[in-house]
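Trainee: TSV, C-alpha atoms and all ligand atoms, saved as my_file-v8.tsv, coming up:
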```tsv
chain	number	residue	atom	x	y	z
A	161	MET	CA	9.21	-10.88	-2.20
A	162	VAL	CA	7.42	-10.75	-5.54
A	163	SER	CA	5.45	-12.84	-8.01
A	164	GLY	CA	4.50	-10.56	-10.88
A	165	GLY	CA	5.06	-7.25	-12.59
A	166	GLY	CA	6.67	-5.65	-9.59
A	167	THR	CA	5.20	-2.14	-9.78
A	168	ASN	CA	5.12	-2.02	-5.98
A	169	LEU	CA	8.76	-3.11	-5.90
A	170	GLN	CA	9.47	-0.29	-8.38
A	171	ALA	CA	7.70	2.19	-6.10
A	172	ILE	CA	9.98	1.07	-3.25
A	173	ILE	CA	13.11	1.30	-5.44
A	174	ASP	CA	12.10	4.81	-6.60
A	175	ALA	CA	11.37	5.93	-3.04
A	176	LYS	CA	14.74	4.59	-1.88
A	177	ASN	CA	16.52	6.42	-4.71
A	178	GLN	CA	14.69	9.64	-3.80
A	179	GLY	CA	15.80	9.39	-0.17
A	180	ARG	CA	12.36	8.53	1.19
A	181	ILE	CA	13.47	5.24	2.84
A	182	PRO	CA	16.61	6.20	4.75
A	183	HIS	CA	16.22	3.49	7.40
A	184	ALA	CA	16.22	0.42	5.10
A	185	GLU	CA	18.56	-1.11	2.57
A	186	LEU	CA	17.03	-3.09	-0.30
A	187	SER	CA	19.16	-6.23	0.01
A	188	LEU	CA	17.39	-8.98	-1.87
A	189	VAL	CA	14.40	-9.66	-4.11
A	190	ILE	CA	12.95	-13.16	-3.91
A	191	ALA	CA	10.56	-14.22	-6.67
A	192	SER	CA	8.16	-17.15	-6.53
A	193	ARG	CA	8.47	-17.66	-10.30
A	194	PRO	CA	11.33	-17.21	-12.77
A	195	ASP	CA	9.30	-15.14	-15.27
A	196	ALA	CA	8.34	-12.41	-12.76
A	197	TYR	CA	9.16	-9.07	-14.42
A	198	ALA	CA	9.94	-7.82	-10.92
A	199	LEU	CA	13.26	-9.71	-11.20
A	200	THR	CA	14.22	-7.51	-14.17
A	201	ARG	CA	13.36	-4.41	-12.14
A	202	ALA	CA	15.57	-5.69	-9.32
A	203	GLU	CA	18.44	-6.35	-11.71
A	204	GLN	CA	18.11	-2.88	-13.25
A	205	ALA	CA	18.27	-1.39	-9.75
A	206	GLY	CA	21.33	-3.45	-8.84
A	207	ILE	CA	19.51	-5.50	-6.20
A	208	PRO	CA	20.37	-9.22	-6.06
A	209	GLY	CA	17.44	-11.42	-7.04
A	210	LEU	CA	16.70	-15.10	-6.76
A	211	VAL	CA	13.86	-17.49	-7.50
A	212	LEU	CA	12.52	-19.78	-4.82
A	213	ARG	CA	9.63	-21.90	-5.99
A	214	LYS	CA	7.22	-23.85	-3.83
A	215	THR	CA	7.10	-27.14	-5.72
A	216	ARG	CA	4.80	-30.05	-4.93
A	217	ALA	CA	7.89	-32.14	-4.16
A	218	VAL	CA	8.63	-30.23	-0.94
A	219	SER	CA	6.42	-29.75	2.11
A	220	ILE	CA	5.37	-26.24	3.10
A	221	GLU	CA	7.64	-26.56	6.18
A	222	ALA	CA	10.63	-27.55	4.05
A	223	TYR	CA	9.93	-24.63	1.71
A	224	GLY	CA	9.80	-22.40	4.80
A	225	GLU	CA	13.17	-23.72	5.94
A	226	GLN	CA	14.67	-22.98	2.53
A	227	LEU	CA	13.30	-19.45	2.71
A	228	LEU	CA	14.55	-18.95	6.27
A	229	GLN	CA	18.03	-20.09	5.25
A	230	VAL	CA	18.12	-17.55	2.42
A	231	LEU	CA	16.78	-14.81	4.68
A	232	ARG	CA	19.35	-15.56	7.38
A	233	ASP	CA	22.21	-15.83	4.89
A	234	ASN	CA	21.31	-12.35	3.63
A	235	ARG	CA	20.76	-10.92	7.12
A	236	ILE	CA	17.21	-9.89	6.23
A	237	GLU	CA	15.44	-8.03	9.05
A	238	VAL	CA	12.21	-6.95	7.36
A	239	ILE	CA	10.28	-8.68	4.56
A	240	VAL	CA	7.95	-6.85	2.18
A	241	LEU	CA	5.42	-8.91	0.25
A	242	ALA	CA	5.04	-6.74	-2.85
A	243	GLY	CA	2.56	-8.75	-4.88
A	244	PHE	CA	3.86	-12.09	-3.57
A	245	LEU	CA	1.13	-14.60	-4.32
A	246	THR	CA	2.42	-17.75	-2.58
A	247	ILE	CA	1.13	-18.37	0.94
A	248	LEU	CA	4.01	-17.80	3.33
A	249	PRO	CA	4.89	-20.83	5.51
A	250	GLU	CA	4.11	-20.53	9.23
A	251	ASN	CA	7.73	-21.08	10.27
A	252	VAL	CA	8.68	-17.94	8.34
A	253	ILE	CA	5.76	-15.96	9.75
A	254	ARG	CA	6.73	-16.98	13.32
A	255	ALA	CA	10.39	-16.07	12.78
A	256	TYR	CA	9.48	-12.61	11.47
A	257	ASP	CA	6.65	-11.63	13.80
A	258	HIS	CA	5.65	-7.99	13.01
A	259	ARG	CA	8.51	-7.81	10.49
A	260	ILE	CA	6.60	-8.91	7.38
A	261	LEU	CA	4.55	-6.27	5.52
A	262	ASN	CA	1.96	-7.06	2.88
A	263	ILE	CA	0.15	-4.76	0.47
A	264	HIS	CA	-3.45	-5.68	-0.31
A	265	PRO	CA	-5.52	-3.83	-2.93
A	266	SER	CA	-8.68	-3.19	-0.88
A	267	LEU	CA	-9.72	-1.65	2.40
A	268	ILE	CA	-9.40	-4.67	4.74
A	269	PRO	CA	-11.67	-6.28	5.99
A	270	SER	CA	-13.47	-5.90	2.65
A	271	PHE	CA	-12.53	-8.19	-0.25
A	272	CYS	CA	-9.65	-9.97	1.45
A	273	GLY	CA	-8.62	-13.42	2.64
A	274	LYS	CA	-8.20	-16.65	0.72
A	275	GLY	CA	-8.74	-16.30	-3.05
A	276	PHE	CA	-8.69	-12.49	-3.07
A	277	TYR	CA	-5.61	-11.36	-4.95
A	278	GLY	CA	-4.76	-9.11	-7.86
A	279	LEU	CA	-7.61	-8.35	-10.29
A	280	LYS	CA	-10.00	-10.69	-8.40
A	281	VAL	CA	-10.14	-8.14	-5.59
A	282	HIS	CA	-11.26	-5.37	-7.94
A	283	GLU	CA	-13.73	-7.66	-9.73
A	284	ALA	CA	-15.34	-8.39	-6.36
A	285	ALA	CA	-15.45	-4.72	-5.37
A	286	LEU	CA	-17.15	-3.78	-8.66
A	287	ALA	CA	-19.58	-6.73	-8.41
A	288	ARG	CA	-20.61	-5.54	-4.92
A	289	GLY	CA	-21.03	-2.00	-6.20
A	290	VAL	CA	-18.92	-0.24	-3.57
A	291	LYS	CA	-18.25	3.43	-4.25
A	292	VAL	CA	-15.01	3.57	-2.27
A	293	THR	CA	-12.20	1.04	-2.22
A	294	GLY	CA	-8.49	1.47	-1.59
A	295	ALA	CA	-5.40	-0.32	-0.33
A	296	THR	CA	-4.09	-1.64	2.98
A	297	VAL	CA	-0.61	-2.34	4.28
A	298	HIS	CA	-0.62	-4.80	7.16
A	299	PHE	CA	1.66	-7.08	9.10
A	300	VAL	CA	1.45	-10.73	8.09
A	301	ASN	CA	0.26	-13.32	10.59
A	302	GLU	CA	-1.07	-16.85	10.15
A	303	ILE	CA	-4.52	-15.60	9.03
A	304	ALA	CA	-4.73	-14.54	5.36
A	305	ASP	CA	-4.88	-10.71	5.33
A	306	GLY	CA	-5.63	-10.87	9.08
A	307	GLY	CA	-2.59	-9.21	10.67
A	308	ASP	CA	-2.38	-5.79	12.32
A	309	ILE	CA	-3.15	-2.94	9.93
A	310	ILE	CA	-0.32	-0.42	9.42
A	311	ALA	CA	-1.88	1.99	6.93
A	312	GLN	CA	-4.87	2.37	4.62
A	313	LYS	CA	-5.84	4.79	1.87
A	314	PRO	CA	-9.26	5.14	0.23
A	315	VAL	CA	-9.76	5.46	-3.53
A	316	LEU	CA	-13.03	6.38	-5.26
A	317	VAL	CA	-14.66	3.96	-7.69
A	318	GLU	CA	-15.76	5.81	-10.84
A	319	PRO	CA	-18.67	5.15	-13.20
A	320	GLY	CA	-17.60	2.85	-16.02
A	321	ASP	CA	-14.67	1.39	-14.09
A	322	THR	CA	-13.42	-2.03	-15.18
A	323	PRO	CA	-11.32	-4.22	-12.87
A	324	GLU	CA	-8.29	-3.02	-14.84
A	325	THR	CA	-9.01	0.72	-14.58
A	326	LEU	CA	-9.83	0.35	-10.89
A	327	GLN	CA	-6.65	-1.65	-10.25
A	328	LYS	CA	-4.58	1.06	-11.96
A	329	ARG	CA	-6.19	3.86	-9.91
A	330	VAL	CA	-5.75	1.95	-6.64
A	331	MET	CA	-2.09	1.38	-7.46
A	332	GLU	CA	-1.41	4.99	-8.49
A	333	GLN	CA	-3.39	6.70	-5.75
A	334	ALA	CA	-2.81	4.29	-2.87
A	335	GLU	CA	-0.45	1.31	-3.17
A	336	TRP	CA	2.63	3.03	-4.59
A	337	LEU	CA	2.46	5.71	-1.89
A	338	LEU	CA	1.47	3.55	1.08
A	339	LEU	CA	3.98	0.72	0.76
A	340	PRO	CA	7.26	2.70	0.66
A	341	LYS	CA	6.04	4.93	3.52
A	342	ALA	CA	5.02	1.91	5.64
A	343	LEU	CA	8.39	0.25	5.01
A	344	GLU	CA	10.22	3.38	6.15
A	345	ASP	CA	7.99	3.68	9.25
A	346	VAL	CA	8.57	0.03	10.26
A	347	ALA	CA	12.32	0.16	9.54
A	348	CYS	CA	12.63	3.42	11.46
A	349	GLY	CA	10.83	1.85	14.43
A	350	LEU	CA	13.24	-1.11	14.49
A	351	ASP	CA	16.23	1.24	14.37
A	352	LYS	CA	15.31	2.89	17.67
B	401	LIG	C1	-0.82	-5.41	-6.34
B	401	LIG	O1	-2.02	-4.77	-6.72
B	401	LIG	C2	-0.93	-5.94	-4.92
B	401	LIG	O2	-1.69	-5.12	-4.09
B	401	LIG	C3	-1.62	-7.27	-5.15
B	401	LIG	O3	-1.02	-7.77	-6.31
B	401	LIG	C4	-0.60	-6.69	-7.15
B	401	LIG	C5	0.84	-6.89	-7.51
B	401	LIG	O4	1.25	-5.94	-8.48
B	401	LIG	N1	-1.51	-8.12	-4.02
B	401	LIG	C6	-2.49	-8.93	-3.61
B	401	LIG	O5	-3.55	-9.03	-4.17
B	401	LIG	C7	-2.16	-9.71	-2.34
B	401	LIG	N2	-3.34	-10.37	-1.83
B	401	LIG	P1	2.78	-5.60	-8.70
B	401	LIG	O6	3.53	-6.92	-8.96
B	401	LIG	O7	2.78	-4.73	-9.93
B	401	LIG	O8	3.31	-4.89	-7.49
```
Take the structure I supplied and represent it as structure tokens, if you would.
Mentor:
Amino acid sequence: MVSGGGTNLQAIIDAKNQGRIPHAELSLVIASRPDAYALTRAEQAGIPGLVLRKTRAVSIEAYGEQLLQVLRDNRIEVIVLAGFLTILPENVIRAYDHRILNIHPSLIPSFCGKGFYGLKVHEAALARGVKVTGATVHFVNEIADGGDIIAQKPVLVEPGDTPETLQKRVMEQAEWLLLPKALEDVACGLDK
């Protein structure tokens, strides 16, 4: 599930193509917005994509039911939130207990929870003056960024870093490696 540029989705696609995710098939990409470039990446990789928007007209539960229907129709067993910036409804979280992975661009429990997403995370890390940050892959539960941690990787902050340079380093050195590996580990565990 994606909302933006989809570089983490691309890392998963590349890992799958290189044989590093033998225990999972990439069946569907769901975007929260129609202009997400991640949808183009999915199309180029031959993965079906669709847009499911949370509009004000529907309740969060009804949106969850729509999502669950799509997930069931496509026989989805594991969900990866790869830069998905809509809060996931509780009915979906309950139905996929310990089967939803999220990537977060900091070392949880630092700079996480409500309001911490994308560049805002790196802005906060730089404002606090930390010398080490990183990325975390965790299972999703009803608490924002509060589920069980699967994997973490530290990344050094460098003098002169901007939120953008730090984001790029965290992606290159941590996120794009951690997420495909965590997906394979979780999928492999379910296969046993
Ligand atoms: C990534 O840095 C991801 O860690 C972050 O959004 C970016 C999405 O980039 N996710 C969060 O902040 C979740 N709280 P991408 O679309 O290029 O993968």
Trainee: Name each residue within 6 Å of ligand LIG 401 (chain B), counting only C-alpha atoms and all ligand atoms, as a PyMOL selection string.
Mentor: chain A and resi 164-169+242-243+263-265+276-278
Trainee: For a quick check of understanding, using only C-alpha atoms, which of A:Ala295, A:Gly209, A:Ser187, A:Leu231 has the smallest distance to A:Met331?
Mentor: A:Ala295
Trainee: Closest to A:Met161 among A:Ala196, A:Val218, A:Thr293, A:Asn177, using all atoms listed in the file?
Mentor: A:Ala196
Trainee: Identify the residues within 12 Å of coordinate (-8.9, -1.3, -11.5) (same frame as the file), considering all atoms listed in the file, and give the answer as a short mmCIF file (atom, residue, chain, number, x, y, z; two decimals) with C-alpha atoms, in the frame of the given file.
Mentor:
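Saved to point_4.cif:
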```
data_model
loop_
_atom_site.label_atom_id
_atom_site.label_comp_id
_atom_site.auth_asym_id
_atom_site.auth_seq_id
_atom_site.Cartn_x
_atom_site.Cartn_y
_atom_site.Cartn_z
CA PRO A 265 -5.52 -3.83 -2.93
CA SER A 266 -8.68 -3.19 -0.88
CA GLY A 278 -4.76 -9.11 -7.86
CA LEU A 279 -7.61 -8.35 -10.29
CA LYS A 280 -10.00 -10.69 -8.40
CA VAL A 281 -10.14 -8.14 -5.59
CA HIS A 282 -11.26 -5.37 -7.94
CA GLU A 283 -13.73 -7.66 -9.73
CA ALA A 284 -15.34 -8.39 -6.36
CA ALA A 285 -15.45 -4.72 -5.37
CA LEU A 286 -17.15 -3.78 -8.66
CA THR A 293 -12.20 1.04 -2.22
CA GLY A 294 -8.49 1.47 -1.59
CA ALA A 295 -5.40 -0.32 -0.33
CA VAL A 315 -9.76 5.46 -3.53
CA LEU A 316 -13.03 6.38 -5.26
CA VAL A 317 -14.66 3.96 -7.69
CA GLU A 318 -15.76 5.81 -10.84
CA PRO A 319 -18.67 5.15 -13.20
CA GLY A 320 -17.60 2.85 -16.02
CA ASP A 321 -14.67 1.39 -14.09
CA THR A 322 -13.42 -2.03 -15.18
CA PRO A 323 -11.32 -4.22 -12.87
CA GLU A 324 -8.29 -3.02 -14.84
CA THR A 325 -9.01 0.72 -14.58
CA LEU A 326 -9.83 0.35 -10.89
CA GLN A 327 -6.65 -1.65 -10.25
CA LYS A 328 -4.58 1.06 -11.96
CA ARG A 329 -6.19 3.86 -9.91
CA VAL A 330 -5.75 1.95 -6.64
CA MET A 331 -2.09 1.38 -7.46
CA GLU A 332 -1.41 4.99 -8.49
CA GLN A 333 -3.39 6.70 -5.75
CA ALA A 334 -2.81 4.29 -2.87
#
```
Trainee: Provide the atom CA of A:Leu245 to atom CA of A:Ile172 distance in Å, to one decimal place.
Mentor: 18.0 Å
Trainee: To one decimal in Å, tell me the separation between atom CA of A:Leu343 and atom CA of A:Ala202.
Mentor: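 That distance, rounded to one decimal, is 17.1 Å.
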Trainee: Measuring between all atoms listed in the file, which one of A:Leu227, A:Ala171, A:Ala287, A:Ile220 shows the shortest distance to A:Ala205?
Mentor: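 Smallest separation from A:Ala205 among the options: A:Ala171.
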Trainee: Interatomic distance between atom CA of A:Leu228 and atom CA of A:Val252?
Mentor: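 One can read the atom CA of A:Leu228 to atom CA of A:Val252 distance as 6.3 Å.
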Trainee: For A:Gln229, which residue among A:Val297, A:Ala255, A:Ala217, A:Ala184 is the nearest when counting all atoms listed in the file?
Mentor: A:Ala255
Trainee: Which one is closest to A:Asn262: A:Leu186, A:Leu339, A:Ala191, A:Ala347? Count all atoms listed in the file.
Mentor: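 Among A:Leu186, A:Leu339, A:Ala191, A:Ala347, it is A:Leu339 that comes nearest to A:Asn262.
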Trainee: Name the residues within 9 Å of (0.6, -5.8, 10.2), counting all atoms listed in the file in the file's coordinates, and put them as a PyMOL selection string.
Mentor: chain A and resi 258-262+297-301+305-311
Trainee: Restricting the calculation to only C-alpha atoms, which member of A:Val240, A:Thr200, A:Val162, A:Lys274 is positioned closest to A:Ala342?
Mentor: A:Val240
